[in-house]
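Colleague: A single structure is presented below for examination.
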Amino acid sequence: MEANSMIAAIVKVVIVIVIGRVVNWVWLRPKRLERCLRRQNLKGNSYRLLGFGDLKEMVQMFQETYSKPINIDDDIIPRALPFHHQMIQNYGMNSFMWFGPYPAVTVANPEDIKEVLSNISVFEKLPHNPLVKLIITGILDYNGDKWVKHRRIINPAFHLEKLKLMLPALYESCNGMVKKWVSLVGENEKACCEIDAWPFFQSMTSDAISRTAFGSSYEEGQRIFQLQSEQAHLTLNVIRSVYIPGWRFVPTKLNRRLKQIEKEIQVLVKGIIQKREKAREGGHAPSDDLLDMLLESNRREIKDNGNNKNMGMSIEDVIKECKLFYFAGQETTSVLLNWTIVLLCKYPNWQSKAREEVFQVFGNQAQVPDYDGLNQLKVVSMILYEVLRLYPPAPLVMRVVSKDTRLGNLSLSSGTQVAIPIIIIQQDPQLWGEDAKEFNPQRFSEGISKATKNQTSYLPFTLGPRICPGQNFALLEAKMALSLILQKFSFELSPSYTHSPSIVLTLHPQHGTHIILRKLQNS
């Protein structure tokens, strides 16, 4: 009996502790943080338990906003970040919002942004729901020593000399898409046709990352891309909900499907890696693709540390980085090309300027774009920079405070999140002038630092130690594709085009990108 009484007492104590922690998590701690923020003159909605903070309203606003398109001349910020836009309208930049029981302070001052993105030991990557980590993985997800190690191993794969070796593969992918467009236009007597450019860009960038990362064609990697596309859409549902510890083990339809997708991707990527390792053991020389560069850099890291395998990446780590190559390598360039084409349709004068420059450097079709030539494309570069300013791939960046700290005039407690609304900052008239909302590539005529007046206000690939290692790869591929397109076609928006930027982890066209292609007479 005494034993039973003791067990019952222990169970009661455990229950009280668990209840206490839950109450602290969902109510006491959020209210304490809210009081702290309000004492510093930050404004925002009061924390609401039943509304999961602001999440319920946030999701409703996304659903309502995405139910209807906008005009191409409209400001895209209210559509891309509807809730953030409303909060800033209501409370100004010095505001905060609630992601479940976690407050997120908006950071928009250039000096504060620089501090957040530079001081990565204090402002860490947000710990994701384990289900979100299935797609936002690898170096994108790590903090601390693991991030340092992975970044050191990955960096050599993106050195300039390595990127130059990838140009033939990029050309094959881009030229393959252009040939399909030529064929489609050739079937029309008027030498023009309407296409949805968005799926072509997705296929082309998928093919490019397959060739450059894994030496395979798009067909071999097609299943991985299909799975990751579905994974990205499903992950949005997870991101827009409060994470409840242990919920991922509940066999809901969403959880089951996400795990099925992850299992299949793991098998496919592992097969590619094992095939490469077997080829190397058989005496085949390493290729110039990203996977071999990654594996070689990993071997060197292990060797330089006395053959200690713990100093390198495990096979599971390599798989995660490969998955990230697949996803990020395809997403960033496809959305950049998509919005570039849309804006060049809207501004035909800049389309003509870009084409003239391409003809001047490469001719109308005879010369295959090479690295030196692509590097000479000043107008094309200005256009791409301006597109990235108006349509950044990731409109919002989040960080979490790992320990109590100061940020400018603010005191932030551990666990407080900070939100950097990149798309809002990059269109802020106070930072960019009265024409901040307008498409004006000329602002980049003397480079990015002159355009920003050396302020931290241009962040399409973020900034600091965690700046995207693949940014030069994305820009190189975009220049290659745009050069080949401009050599062959002029283009304009179709009457059926619907302007509908929407976030699917990156900024997608919700209803595609319908354009009319016209074959140039001299091509």
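Ligands are numbered from 1 in the order shown, chains are lettered A, B, ... in the order of the structure tokens, and residues start at 1 in each chain.
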What are the DSSP helix (DSSP H, G or I) residues of stretch 265-496 of chain A, as a PyMOL selection string?

Modeller: chain A and resi 265-281+290-304+309-311+315-346+348-362+371-375+378-390+422-425+429-432+441-444+448-452+464-466+471-488

Colleague: If we count only C-alpha atoms and set the cut-off at 7 Å, which residues sit around A:Phe214, ignoring sequence neighbours fewer than 6 positions away in its own chain? Please answer as JSON, numbers by chain.

Modeller: {"A": [289, 290, 291]}

Colleague: Give one line per residue of stretch 263-331 of chain A that approaches stretch 219-235 of chain A to at most 10 Å, naming the two atoms of the closest pair and their distance in Å to one decimal, counting only C-alpha atoms; sort by chain then ascending residue number and deliver it as a Markdown table.

Modeller:
```
| residue | atom | partner | partner_atom | distance |
| --- | --- | --- | --- | --- |
| A:Glu264 | CA | A:Leu227 | CA | 8.3 |
| A:Ile265 | CA | A:Ile224 | CA | 6.0 |
| A:Gln266 | CA | A:Ile224 | CA | 9.4 |
| A:Leu268 | CA | A:Ile224 | CA | 7.2 |
| A:Val269 | CA | A:Ile224 | CA | 8.1 |
| A:Ile272 | CA | A:Gly221 | CA | 9.6 |
| A:Lys323 | CA | A:Gln228 | CA | 8.7 |
| A:Tyr326 | CA | A:Phe225 | CA | 7.3 |
| A:Phe327 | CA | A:Gln228 | CA | 6.9 |
| A:Gln330 | CA | A:Phe225 | CA | 8.7 |
| A:Glu331 | CA | A:Ser229 | CA | 9.6 |
```

Colleague: Would you write out those residues with C-alpha atoms, as a CSV table (one decimal), in the first residue's frame?

Modeller:
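And here's again.csv as it stands now:
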```csv
chain,number,residue,atom,x,y,z
A,264,GLU,CA,11.1,8.4,-50.8
A,265,ILE,CA,13.4,11.4,-51.2
A,266,GLN,CA,15.9,9.9,-48.7
A,268,LEU,CA,16.5,8.6,-54.1
A,269,VAL,CA,19.2,10.9,-52.9
A,272,ILE,CA,22.7,9.0,-56.1
A,323,LYS,CA,18.2,17.9,-50.6
A,326,TYR,CA,17.9,20.4,-55.0
A,327,PHE,CA,15.3,22.7,-53.4
A,330,GLN,CA,15.9,25.3,-58.2
A,331,GLU,CA,13.7,27.7,-56.3
```

Colleague: What's around A:Ser402 at 9 Å? Count only C-alpha atoms, leave out sequence neighbours fewer than 4 positions away in its own chain, and write the answer as a VMD selection string.

Modeller: chain A and resid 121 to 124 413 to 416

Colleague: Go ahead and write the residues just picked, C-alpha atoms, as a compact mmCIF listing (two decimals), in the first residue's frame.

Modeller:
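Contents of again-v2.txt, freshly written:
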```
# COMPACT_ATOMS: atom_id res chain seq x y z
CA SER A 121 25.76 33.48 -32.05
CA VAL A 122 23.03 35.60 -30.41
CA PHE A 123 20.50 35.90 -33.24
CA GLU A 124 20.16 32.28 -34.28
CA SER A 413 14.76 38.52 -23.68
CA SER A 414 15.93 35.06 -24.65
CA GLY A 415 13.32 33.34 -26.81
CA THR A 416 12.05 36.57 -28.40
```

Colleague: Do you know which residues are at most 12 Å from A:Arg38 counting only C-alpha atoms, after dropping those on the same chain fewer than 2 positions away, and could you put them as a PyMOL selection string?

Modeller: chain A and resi 31-36+40-47+94-97+103+105+410-412
